[in-house]
$ cat target-v5.csv   # CSV, C-alpha atoms and all ligand atoms
chain,number,residue,atom,x,y,z
A,1,MET,CA,17.8,-61.5,-1.3
A,2,SER,CA,19.4,-58.2,-2.0
A,3,PHE,CA,21.3,-56.3,0.7
A,4,THR,CA,22.3,-52.7,0.2
A,5,GLN,CA,24.6,-51.4,2.8
A,6,ASN,CA,23.8,-47.9,4.1
A,7,ILE,CA,26.6,-45.4,3.4
A,8,MET,CA,26.7,-42.6,6.0
A,9,ASP,CA,27.7,-39.0,5.3
A,10,VAL,CA,30.4,-38.2,7.9
A,11,SER,CA,32.0,-34.8,8.4
A,12,ILE,CA,35.2,-34.7,10.4
A,13,TRP,CA,36.9,-31.6,11.5
A,14,ARG,CA,40.5,-31.3,10.2
A,15,GLY,CA,43.0,-28.7,11.2
A,16,ASP,CA,45.1,-27.3,14.0
A,17,ALA,CA,45.1,-24.6,16.6
A,18,GLN,CA,45.1,-21.9,13.9
A,19,ALA,CA,42.6,-23.0,11.3
A,20,GLY,CA,40.6,-25.9,10.0
A,21,ALA,CA,37.5,-27.1,8.2
A,22,PHE,CA,35.2,-30.1,8.0
A,23,ALA,CA,36.2,-32.8,5.5
A,24,HIS,CA,33.6,-35.2,4.2
A,25,PHE,CA,33.8,-39.0,4.1
A,26,GLU,CA,31.5,-41.8,3.1
A,27,VAL,CA,31.5,-44.5,5.7
A,28,PRO,CA,29.6,-47.9,5.4
A,29,ALA,CA,27.3,-48.4,8.3
A,30,GLN,CA,27.7,-51.5,10.4
A,31,LYS,CA,25.8,-53.2,13.2
A,32,SER,CA,26.6,-52.0,16.7
A,33,GLN,CA,29.1,-49.4,15.3
A,34,THR,CA,30.4,-46.7,17.6
A,35,ILE,CA,31.5,-43.2,16.7
A,36,LEU,CA,35.1,-44.3,17.5
A,37,ASP,CA,34.7,-47.2,15.1
A,38,VAL,CA,33.7,-44.6,12.4
A,39,VAL,CA,36.7,-42.4,13.1
A,40,ALA,CA,39.0,-45.4,13.1
A,41,TRP,CA,37.5,-46.7,9.9
A,42,ILE,CA,38.2,-43.4,8.2
A,43,GLN,CA,41.8,-43.3,9.4
A,44,GLN,CA,42.4,-46.9,8.3
A,45,HIS,CA,40.6,-46.9,5.0
A,46,GLN,CA,40.5,-43.3,3.7
A,47,ASP,CA,42.9,-40.9,5.4
A,48,PRO,CA,45.8,-42.3,7.5
A,49,THR,CA,46.8,-38.7,8.5
A,50,LEU,CA,43.6,-38.2,10.6
A,51,SER,CA,44.6,-37.7,14.3
A,52,TYR,CA,42.4,-38.7,17.2
A,53,ARG,CA,42.8,-40.0,20.7
A,54,TYR,CA,41.6,-43.1,22.4
A,55,ALA,CA,43.0,-45.9,24.6
A,56,CYS,CA,40.7,-48.3,26.3
A,57,ARG,CA,37.6,-48.4,24.0
A,58,VAL,CA,35.4,-49.5,26.9
A,59,GLY,CA,34.6,-46.3,28.7
A,60,MET,CA,37.3,-46.4,31.3
A,61,CYS,CA,40.2,-44.1,30.3
A,62,GLY,CA,38.3,-40.9,29.3
A,63,SER,CA,40.5,-40.1,26.4
A,64,CYS,CA,38.1,-40.4,23.4
A,65,ALA,CA,35.6,-37.6,24.0
A,66,MET,CA,34.6,-35.5,21.0
A,67,MET,CA,31.7,-33.4,19.8
A,68,VAL,CA,29.3,-35.6,17.9
A,69,ASN,CA,26.6,-33.7,16.0
A,70,GLY,CA,27.3,-30.8,18.4
A,71,VAL,CA,27.1,-32.7,21.6
A,72,PRO,CA,30.0,-33.8,23.7
A,73,ARG,CA,30.2,-37.6,24.1
A,74,TRP,CA,32.5,-40.5,24.9
A,75,THR,CA,32.9,-41.8,21.4
A,76,CYS,CA,33.9,-45.4,22.2
A,77,ARG,CA,30.6,-46.0,24.0
A,78,THR,CA,28.3,-44.0,21.7
A,79,HIS,CA,26.4,-46.0,19.2
A,80,VAL,CA,26.0,-44.5,15.8
A,81,GLU,CA,22.4,-45.6,15.7
A,82,LYS,CA,21.6,-43.4,18.7
A,83,VAL,CA,23.0,-40.2,17.3
A,84,LEU,CA,22.8,-40.4,13.5
A,85,GLU,CA,20.8,-37.4,12.2
A,86,GLY,CA,19.3,-38.1,8.8
A,87,ASN,CA,22.2,-40.3,7.8
A,88,LYS,CA,24.7,-37.6,8.8
A,89,LEU,CA,27.4,-37.5,11.4
A,90,GLU,CA,29.5,-34.5,12.4
A,91,VAL,CA,32.6,-35.2,14.5
A,92,ALA,CA,34.6,-32.3,15.9
A,93,PRO,CA,37.2,-31.8,18.7
A,94,LEU,CA,35.9,-31.3,22.2
A,95,ARG,CA,34.6,-27.8,23.0
A,96,ASN,CA,36.3,-25.4,25.4
A,97,LEU,CA,39.8,-26.9,24.9
A,98,PRO,CA,42.5,-25.8,22.4
A,99,VAL,CA,42.9,-28.0,19.4
A,100,ILE,CA,46.3,-29.7,18.8
A,101,LYS,CA,45.4,-31.4,15.5
A,102,ASP,CA,42.1,-32.7,14.0
A,103,LEU,CA,40.1,-34.3,16.8
A,104,VAL,CA,42.9,-34.1,19.4
A,105,THR,CA,42.6,-31.4,22.0
A,106,ASP,CA,45.1,-30.1,24.5
A,107,MET,CA,43.6,-31.1,27.9
A,108,ASP,CA,46.3,-29.4,30.0
A,109,SER,CA,43.9,-26.6,31.1
A,110,PHE,CA,41.4,-29.2,32.2
A,111,PHE,CA,43.9,-31.1,34.3
A,112,ASP,CA,45.6,-28.0,35.6
A,113,LYS,CA,42.3,-26.9,37.1
A,114,TRP,CA,42.0,-30.1,39.0
A,115,ILE,CA,45.2,-29.1,40.8
A,116,ALA,CA,44.0,-25.5,41.1
A,117,ALA,CA,40.8,-26.8,42.8
A,118,GLU,CA,42.9,-28.6,45.4
A,119,GLY,CA,41.4,-31.9,44.2
A,120,ARG,CA,44.2,-33.8,45.8
A,121,HIS,CA,44.6,-35.8,49.0
A,122,HIS,CA,45.9,-34.2,52.2
A,123,PRO,CA,46.8,-37.1,54.4
A,124,THR,CA,45.6,-37.4,58.0
A,125,ALA,CA,48.0,-40.2,58.8
A,126,SER,CA,51.3,-41.7,57.7
A,127,ARG,CA,51.9,-45.2,56.3
A,128,LEU,CA,53.0,-46.2,59.8
A,129,ASP,CA,49.7,-45.5,61.3
A,130,PRO,CA,46.9,-48.1,61.4
A,131,ILE,CA,44.2,-47.7,58.7
A,132,ALA,CA,41.1,-45.9,60.0
A,133,ALA,CA,37.9,-47.7,59.3
A,134,ILE,CA,35.3,-45.7,57.4
A,135,SER,CA,31.7,-46.9,57.3
A,136,PRO,CA,30.4,-47.0,53.7
A,137,GLU,CA,27.1,-45.7,55.1
A,138,SER,CA,28.5,-42.6,56.8
A,139,ALA,CA,27.1,-39.4,55.3
A,140,GLY,CA,30.4,-38.0,54.2
A,141,ARG,CA,31.4,-41.3,52.5
A,142,VAL,CA,28.1,-41.5,50.6
A,143,LYS,CA,28.7,-37.9,49.3
A,144,ALA,CA,32.3,-38.7,48.4
A,145,ASN,CA,31.3,-41.9,46.6
A,146,ALA,CA,28.9,-40.1,44.3
A,147,GLY,CA,31.8,-38.5,42.4
A,148,ILE,CA,34.5,-41.2,42.4
A,149,GLU,CA,33.6,-42.8,39.1
A,150,CYS,CA,34.8,-39.8,37.2
A,151,ILE,CA,37.0,-40.9,34.3
A,152,ASN,CA,38.3,-37.3,33.5
A,153,CYS,CA,36.8,-37.4,30.1
A,154,SER,CA,36.1,-33.6,30.0
A,155,VAL,CA,32.6,-34.1,28.5
A,156,CYS,CA,31.1,-32.0,31.3
A,157,TYR,CA,33.8,-29.4,30.8
A,158,ALA,CA,32.9,-29.2,27.1
A,159,ALA,CA,29.2,-29.0,27.9
A,160,CYS,CA,29.6,-26.1,30.4
A,161,ASP,CA,28.6,-22.7,29.1
A,162,THR,CA,30.3,-21.0,32.0
A,163,VAL,CA,33.6,-22.5,31.1
A,164,ALA,CA,33.0,-21.2,27.5
A,165,SER,CA,32.4,-17.6,28.7
A,166,ASN,CA,34.8,-17.5,31.6
A,167,PRO,CA,38.1,-19.3,30.9
A,168,ASP,CA,39.1,-18.9,34.6
A,169,TYR,CA,36.2,-21.1,35.8
A,170,LEU,CA,37.5,-24.3,37.3
A,171,GLY,CA,34.7,-26.3,35.7
A,172,PRO,CA,32.4,-29.1,36.8
A,173,ALA,CA,34.9,-32.1,36.9
A,174,ALA,CA,37.6,-30.3,39.0
A,175,LEU,CA,35.0,-28.9,41.4
A,176,GLN,CA,33.3,-32.3,41.8
A,177,ARG,CA,36.7,-33.7,42.7
A,178,ALA,CA,37.1,-31.0,45.3
A,179,TRP,CA,33.8,-31.9,46.8
A,180,THR,CA,34.8,-35.5,46.9
A,181,VAL,CA,38.0,-34.6,48.7
A,182,TYR,CA,36.1,-32.3,51.1
A,183,ASN,CA,33.8,-35.1,52.1
A,184,ASP,CA,36.6,-37.7,52.6
A,185,ALA,CA,37.0,-38.4,56.3
A,186,LYS,CA,40.7,-39.1,55.7
A,187,ASP,CA,41.4,-35.7,54.3
A,188,ALA,CA,43.2,-33.3,56.6
A,189,ASP,CA,42.8,-29.9,54.9
A,190,LYS,CA,39.2,-29.2,54.1
A,191,GLN,CA,39.8,-25.5,54.5
A,192,ALA,CA,42.5,-25.6,51.7
A,193,VAL,CA,39.8,-27.1,49.4
A,194,LEU,CA,37.2,-24.4,50.4
A,195,ASP,CA,39.8,-21.7,49.8
A,196,ALA,CA,40.8,-23.1,46.4
A,197,VAL,CA,37.1,-23.2,45.2
A,198,SER,CA,36.2,-19.7,46.5
A,199,GLY,CA,38.4,-17.5,44.3
A,200,VAL,CA,37.5,-15.7,41.0
A,201,GLY,CA,37.2,-18.9,39.0
A,202,GLY,CA,35.6,-20.9,41.8
A,203,CYS,CA,32.3,-22.8,42.4
A,204,HIS,CA,30.3,-19.6,43.0
A,205,ASN,CA,30.4,-18.9,39.2
A,206,CYS,CA,28.3,-22.0,38.4
A,207,HIS,CA,24.8,-21.1,37.1
A,208,THR,CA,23.3,-24.4,38.2
A,209,GLN,CA,21.8,-25.2,34.8
A,210,GLY,CA,23.2,-28.7,34.8
A,211,SER,CA,24.6,-29.2,31.3
A,212,CYS,CA,27.4,-31.1,33.1
A,213,THR,CA,25.1,-33.5,34.8
A,214,ALA,CA,22.9,-33.9,31.7
A,215,HIS,CA,25.9,-34.9,29.6
A,216,CYS,CA,28.2,-36.9,31.9
A,217,PRO,CA,28.5,-40.3,30.3
A,218,ASN,CA,28.9,-42.0,33.8
A,219,ASP,CA,25.7,-40.4,35.1
A,220,LEU,CA,27.6,-38.4,37.7
A,221,ASP,CA,26.1,-35.2,39.0
A,222,PRO,CA,28.8,-32.4,39.2
A,223,MET,CA,26.0,-29.7,39.5
A,224,THR,CA,24.9,-31.1,42.9
A,225,ALA,CA,28.5,-31.4,44.0
A,226,ILE,CA,29.1,-27.8,43.2
A,227,ALA,CA,25.9,-26.8,45.0
A,228,GLY,CA,27.4,-28.6,48.1
A,229,LEU,CA,30.6,-26.6,47.8
A,230,LYS,CA,28.6,-23.4,47.6
A,231,ARG,CA,26.7,-24.4,50.7
A,232,VAL,CA,29.6,-25.3,52.9
A,233,SER,CA,31.7,-22.3,51.7
A,234,ALA,CA,28.9,-19.9,52.5
A,235,ALA,CA,28.3,-21.5,55.9
A,236,SER,CA,32.0,-21.2,56.8
A,237,PHE,CA,32.3,-17.7,55.4
A,238,PHE,CA,31.4,-15.8,58.6
A,239,LYS,CA,33.1,-18.4,60.9
A,240,ARG,CA,36.4,-17.8,59.1
A,241,ARG,CA,36.1,-14.0,59.2
A,242,LYS,CA,35.5,-14.2,62.9
A,243,ALA,CA,38.4,-16.6,63.4
A,244,ARG,CA,40.7,-14.3,61.4
A,245,ALA,CA,39.7,-11.1,63.3
B,1,MET,CA,35.0,-13.1,38.4
B,2,LEU,CA,32.5,-14.0,41.1
B,3,ASP,CA,34.5,-14.9,44.2
B,4,ILE,CA,32.9,-15.8,47.5
B,5,ARG,CA,32.9,-12.2,48.8
B,6,LEU,CA,30.8,-11.0,45.9
B,7,TYR,CA,28.6,-14.1,46.0
B,8,MET,CA,27.8,-13.6,49.7
B,9,LEU,CA,27.2,-9.9,49.2
B,10,GLN,CA,24.7,-10.7,46.4
B,11,ARG,CA,22.9,-13.4,48.6
B,12,ILE,CA,22.8,-11.1,51.6
B,13,THR,CA,21.4,-8.2,49.7
B,14,ALA,CA,18.8,-10.6,48.2
B,15,LEU,CA,17.8,-11.6,51.7
B,16,ILE,CA,17.4,-7.9,52.6
B,17,MET,CA,15.4,-7.1,49.5
B,18,ALA,CA,12.9,-10.0,49.8
B,19,PRO,CA,10.9,-8.7,52.8
B,20,LEU,CA,11.3,-5.1,51.8
B,21,THR,CA,9.8,-5.9,48.3
B,22,LEU,CA,6.9,-7.7,50.0
B,23,GLY,CA,6.4,-4.7,52.3
B,24,HIS,CA,6.6,-2.3,49.3
B,25,ILE,CA,3.9,-4.3,47.4
B,26,ALA,CA,1.7,-4.5,50.5
B,27,VAL,CA,1.9,-0.7,51.0
B,28,MET,CA,1.1,-0.1,47.3
B,29,ILE,CA,-2.0,-2.3,47.4
B,30,TYR,CA,-3.1,-0.5,50.6
B,31,ALA,CA,-2.5,2.9,49.2
B,32,VAL,CA,-4.3,2.1,45.9
B,33,GLN,CA,-7.3,0.5,47.7
B,34,GLY,CA,-7.7,3.3,50.2
B,35,GLY,CA,-7.7,5.7,47.3
B,36,LEU,CA,-4.9,7.9,48.7
B,37,THR,CA,-3.8,10.8,46.6
B,38,THR,CA,-0.2,11.7,45.9
B,39,ALA,CA,-0.5,14.6,48.4
B,40,GLU,CA,-1.8,12.4,51.1
B,41,ILE,CA,1.0,9.8,50.5
B,42,LEU,CA,3.7,12.5,50.5
B,43,SER,CA,2.2,14.0,53.7
B,44,ARG,CA,2.8,10.7,55.4
B,45,THR,CA,6.3,9.9,54.0
B,46,GLN,CA,7.8,13.3,54.1
B,47,GLY,CA,9.7,13.9,57.3
B,48,SER,CA,9.4,10.2,58.2
B,49,VAL,CA,12.6,8.6,59.4
B,50,VAL,CA,11.0,5.2,59.1
B,51,TRP,CA,10.3,5.5,55.4
B,52,LEU,CA,13.7,7.1,54.8
B,53,VAL,CA,15.4,4.1,56.4
B,54,TYR,CA,13.1,1.6,54.7
B,55,TYR,CA,13.6,2.8,51.2
B,56,GLY,CA,17.2,3.9,51.8
B,57,THR,CA,18.0,0.3,52.8
B,58,PHE,CA,16.1,-0.9,49.8
B,59,VAL,CA,18.0,1.3,47.4
B,60,ALA,CA,21.4,0.4,48.9
B,61,ALA,CA,20.6,-3.4,48.6
B,62,VAL,CA,19.3,-3.1,45.1
B,63,SER,CA,22.3,-1.1,43.9
B,64,ILE,CA,24.8,-3.7,45.3
B,65,HIS,CA,22.7,-6.7,44.1
B,66,ALA,CA,22.1,-5.4,40.6
B,67,ALA,CA,25.7,-4.2,40.1
B,68,ILE,CA,27.1,-7.7,40.9
B,69,GLY,CA,24.5,-9.4,38.7
B,70,LEU,CA,25.2,-7.1,35.8
B,71,ARG,CA,29.0,-7.6,36.4
B,72,VAL,CA,28.6,-11.3,35.7
B,73,ILE,CA,26.5,-10.8,32.6
B,74,ILE,CA,28.9,-8.2,31.2
B,75,ALA,CA,32.0,-10.3,32.0
B,76,GLU,CA,30.5,-13.5,30.4
B,77,THR,CA,28.9,-11.8,27.4
B,78,PHE,CA,31.6,-9.2,26.5
B,79,LYS,CA,34.6,-10.8,28.1
B,80,LEU,CA,35.2,-7.6,30.1
B,81,ARG,CA,37.9,-8.2,32.8
B,82,GLY,CA,40.2,-6.4,35.3
B,83,MET,CA,39.9,-2.7,35.8
B,84,ALA,CA,37.3,-2.3,33.2
B,85,LEU,CA,35.1,-4.8,34.9
B,86,SER,CA,35.6,-3.2,38.4
B,87,GLY,CA,34.9,0.2,36.9
B,88,PHE,CA,31.7,-1.1,35.4
B,89,THR,CA,30.6,-2.7,38.6
B,90,TRP,CA,31.3,0.4,40.7
B,91,GLY,CA,29.8,2.7,38.0
B,92,VAL,CA,26.5,0.7,38.0
B,93,CYS,CA,26.4,0.6,41.8
B,94,GLY,CA,27.0,4.4,42.0
B,95,LEU,CA,24.4,5.2,39.3
B,96,PHE,CA,21.7,3.1,41.0
B,97,LEU,CA,22.6,4.6,44.4
B,98,TYR,CA,22.4,8.1,43.0
B,99,MET,CA,19.1,7.6,41.2
B,100,GLY,CA,17.6,5.7,44.2
B,101,ALA,CA,18.8,8.3,46.7
B,102,ARG,CA,17.2,11.1,44.7
B,103,ALA,CA,13.9,9.3,44.6
B,104,VAL,CA,14.0,8.5,48.3
B,105,MET,CA,14.9,12.1,49.2
B,106,ALA,CA,12.1,13.4,47.1
B,107,VAL,CA,9.6,11.2,48.9
B,108,THR,CA,10.9,11.5,52.5
B,109,MET,CA,12.6,14.9,52.8
B,110,PRO,CA,10.2,17.5,54.3
C,301,LIG,S1,25.7,-26.6,36.4
C,301,LIG,FE1,27.6,-25.3,36.7
C,301,LIG,S2,29.3,-26.6,36.2
C,301,LIG,FE2,27.5,-27.6,35.4
C,301,LIG,S3,27.4,-27.0,33.2
C,301,LIG,FE3,26.2,-25.5,34.4
C,301,LIG,S4,27.6,-23.8,35.0
C,301,LIG,FE4,28.8,-25.6,34.3
C,302,LIG,S1,32.2,-35.8,35.7
C,302,LIG,FE1,31.5,-37.2,34.1
C,302,LIG,S2,31.7,-35.9,32.2
C,302,LIG,FE2,32.9,-34.9,33.8
C,302,LIG,S3,35.0,-35.7,33.5
C,302,LIG,FE3,34.0,-37.0,35.0
C,302,LIG,S4,33.1,-38.7,33.9
C,302,LIG,FE4,33.6,-37.1,32.4
C,303,LIG,S1,38.6,-44.9,24.7
C,303,LIG,FE1,38.7,-45.0,26.8
C,303,LIG,S2,36.8,-44.0,27.4
C,303,LIG,FE2,36.6,-44.1,25.3
$ encode --input "target-v5.csv" --output "structure tokens"
Amino acid sequence: MSFTQNIMDVSIWRGDAQAGAFAHFEVPAQKSQTILDVVAWIQQHQDPTLSYRYACRVGMCGSCAMMVNGVPRWTCRTHVEKVLEGNKLEVAPLRNLPVIKDLVTDMDSFFDKWIAAEGRHHPTASRLDPIAAISPESAGRVKANAGIECINCSVCYAACDTVASNPDYLGPAALQRAWTVYNDAKDADKQAVLDAVSGVGGCHNCHTQGSCTAHCPNDLDPMTAIAGLKRVSAASFFKRRKARA
Amino acid sequence: MLDIRLYMLQRITALIMAPLTLGHIAVMIYAVQGGLTTAEILSRTQGSVVWLVYYGTFVAAVSIHAAIGLRVIIAETFKLRGMALSGFTWGVCGLFLYMGARAVMAVTMP
């Protein structure tokens, strides 16, 4: 019995913030191989200077996302078989973020926008107070739960055309986080959240075309979360004006 | 580039435009079917405060709505920002208001 191993044609983007180009590698295909396996194989066997980022390798940490054949994906959980196009693979740094080196992007702007979207807890009680019971079936909790499995991978941020054309736009992940905080019964400052998502880079810039939802590897739905923010901010718009007058 | 004020303004003007558009289409169909001539139409619209208010409102809503919509397209496509973007938005709004107002006056002024 003869066995010929398939050799894949892999292009990897090499460079820094200033310039770069694709480099070509021949990589033996293996069973159940992931994109991260391919990148690691190149670094271990062909070019030890190749930079890339990963940590958990099981889809928990959100650090391994890259563009694979033009599509943003979590590389540790993406099987080569699923995305190979005519024996070719093209791996590039995540879109919409500045490159540090090779496949490593600078994710500061992504995380800074989480803070700008007020996606942080505003406590209703101190540690000395008893813990309030929240029913898992309550409407707010169901809405909040929908977004809590986000792993901050920035795949949705890379998929979003509005981020690409408007660098101020907070983006799907940060806005989804804001929606989660807004729906948390234990959050004390919902108006701060609404104010944070109503500025020039806020939720109202979303075109509702759903690239974020289509690409989220955890099957989350930032588009619907953003629609929720638009709805509640619009409803409170006149109420607030009256309150201020 | 699209904060909540502009977003609300665009939604509200859309709400104003929707019934006015339907009314406009209904009147067009009525006028065409009845075989009204230009002179007959003008004799009804000229000097009519109702038609002045109707189409005046329409033009105002369209000018605001379209200016905000084009603002987003221009900002996202050509990366226009700041004063240039505000200037563009106001310019488009003003142009549509001017053109619309001329048309409304021609049809409703006696
Ligand atoms: S639905 Fe909104 S947030 Fe999601 S990709 Fe489209 S513009 Fe971006
Ligand atoms: S919403 Fe999904 S795609 Fe976006 S950062 Fe969270 S897990 Fe990643
Ligand atoms: S390495 Fe942690 S999610 Fe891929």
$ residues_near_ligand --input "target-v5.csv" --ligand "ligand LIG 303 (chain C)" --cutoff "6 Å" --atoms "all atoms listed in the file" --output "VMD selection string"
chain A and resid 54 to 64 74 to 76
$ residues_near_ligand --input "target-v5.csv" --ligand "ligand LIG 302 (chain C)" --cutoff "6 Å" --atoms "all atoms listed in the file" --output "list in words"
Cys150, Ile151, Asn152, Cys153, Ser154, Val155, Cys156, Ala173, Cys216, Pro217, Asn218, Leu220 and Pro222 of chain A
$ write_last_selection --input "target-v5.csv" --atoms "C-alpha atoms" --output "PDB file, keeping the file's coordinate frame"
ATOM      1  CA  CYS A 150      34.800 -39.800  37.200  1.00  0.00           C
ATOM      2  CA  ILE A 151      37.000 -40.900  34.300  1.00  0.00           C
ATOM      3  CA  ASN A 152      38.300 -37.300  33.500  1.00  0.00           C
ATOM      4  CA  CYS A 153      36.800 -37.400  30.100  1.00  0.00           C
ATOM      5  CA  SER A 154      36.100 -33.600  30.000  1.00  0.00           C
ATOM      6  CA  VAL A 155      32.600 -34.100  28.500  1.00  0.00           C
ATOM      7  CA  CYS A 156      31.100 -32.000  31.300  1.00  0.00           C
ATOM      8  CA  ALA A 173      34.900 -32.100  36.900  1.00  0.00           C
ATOM      9  CA  CYS A 216      28.200 -36.900  31.900  1.00  0.00           C
ATOM     10  CA  PRO A 217      28.500 -40.300  30.300  1.00  0.00           C
ATOM     11  CA  ASN A 218      28.900 -42.000  33.800  1.00  0.00           C
ATOM     12  CA  LEU A 220      27.600 -38.400  37.700  1.00  0.00           C
ATOM     13  CA  PRO A 222      28.800 -32.400  39.200  1.00  0.00           C
TER      14      PRO A 222
END
$ closest_residue --input "target-v5.csv" --among "B:Gly94, B:Ile68, B:Glu76, B:Ala60" --to "ligand LIG 301 (chain C)" --atoms "only C-alpha atoms and all ligand atoms"
B:Glu76
$ atom_distance --input "target-v5.csv" --atom1 "CA of Gln30 (chain A)" --atom2 "CA of Gln5 (chain A)"
8.2 Å
$ residues_near_ligand --input "target-v5.csv" --ligand "ligand LIG 301 (chain C)" --cutoff "7 Å" --atoms "only C-alpha atoms and all ligand atoms" --output "PyMOL selection string"
chain A and resi 156+159-163+171-172+206-213+222-223
$ closest_residue --input "target-v5.csv" --among "A:Leu103, A:Met8, A:Thr34, A:Lys88" --to "Ser51 (chain A)" --atoms "all atoms listed in the file"
A:Leu103
$ interface_residues --input "target-v5.csv" --of "chain A" --to "chain B" --cutoff "12 Å" --atoms "only C-alpha atoms" --output "ChimeraX atom specification"
/A:161-170,194-207,229-238,241
$ residues_around --input "target-v5.csv" --residues "region 19-35 of chain B" --least-positions-apart "6" --cutoff "12 Å" --atoms "all atoms listed in the file" --output "list in words"
Thr13, Ile41, Leu42, Arg44, Thr45, Trp51, Val53, Tyr54, Tyr55, Gly56, Thr57, Phe58, Val59, Ala60, Ala61 and Val62 of chain B
$ write_last_selection --input "target-v5.csv" --atoms "C-alpha atoms" --output "PDB file, in the coordinates of the input"
ATOM      1  CA  THR B  13      21.400  -8.200  49.700  1.00  0.00           C
ATOM      2  CA  ILE B  41       1.000   9.800  50.500  1.00  0.00           C
ATOM      3  CA  LEU B  42       3.700  12.500  50.500  1.00  0.00           C
ATOM      4  CA  ARG B  44       2.800  10.700  55.400  1.00  0.00           C
ATOM      5  CA  THR B  45       6.300   9.900  54.000  1.00  0.00           C
ATOM      6  CA  TRP B  51      10.300   5.500  55.400  1.00  0.00           C
ATOM      7  CA  VAL B  53      15.400   4.100  56.400  1.00  0.00           C
ATOM      8  CA  TYR B  54      13.100   1.600  54.700  1.00  0.00           C
ATOM      9  CA  TYR B  55      13.600   2.800  51.200  1.00  0.00           C
ATOM     10  CA  GLY B  56      17.200   3.900  51.800  1.00  0.00           C
ATOM     11  CA  THR B  57      18.000   0.300  52.800  1.00  0.00           C
ATOM     12  CA  PHE B  58      16.100  -0.900  49.800  1.00  0.00           C
ATOM     13  CA  VAL B  59      18.000   1.300  47.400  1.00  0.00           C
ATOM     14  CA  ALA B  60      21.400   0.400  48.900  1.00  0.00           C
ATOM     15  CA  ALA B  61      20.600  -3.400  48.600  1.00  0.00           C
ATOM     16  CA  VAL B  62      19.300  -3.100  45.100  1.00  0.00           C
TER      17      VAL B  62
END
$ residues_around --input "target-v5.csv" --residues "Glu85 (chain A)" --least-positions-apart "2" --cutoff "12 Å" --atoms "only C-alpha atoms" --output "list in words"
Met8, Asp9, Val10, Val68, Asn69, Gly70, Val80, Glu81, Lys82, Val83, Asn87, Lys88, Leu89 and Glu90 of chain A
$ atom_distance --input "target-v5.csv" --atom1 "CA of His65 (chain B)" --atom2 "CA of Met17 (chain B)"
9.1 Å
$ atom_distance --input "target-v5.csv" --atom1 "CA of Trp13 (chain A)" --atom2 "CA of Val91 (chain A)"
6.4 Å
$ residues_around --input "target-v5.csv" --residues "Ala67 (chain B)" --least-positions-apart "5" --cutoff "7 Å" --atoms "only C-alpha atoms" --output "list in words"
Thr89, Val92 and Cys93 of chain B
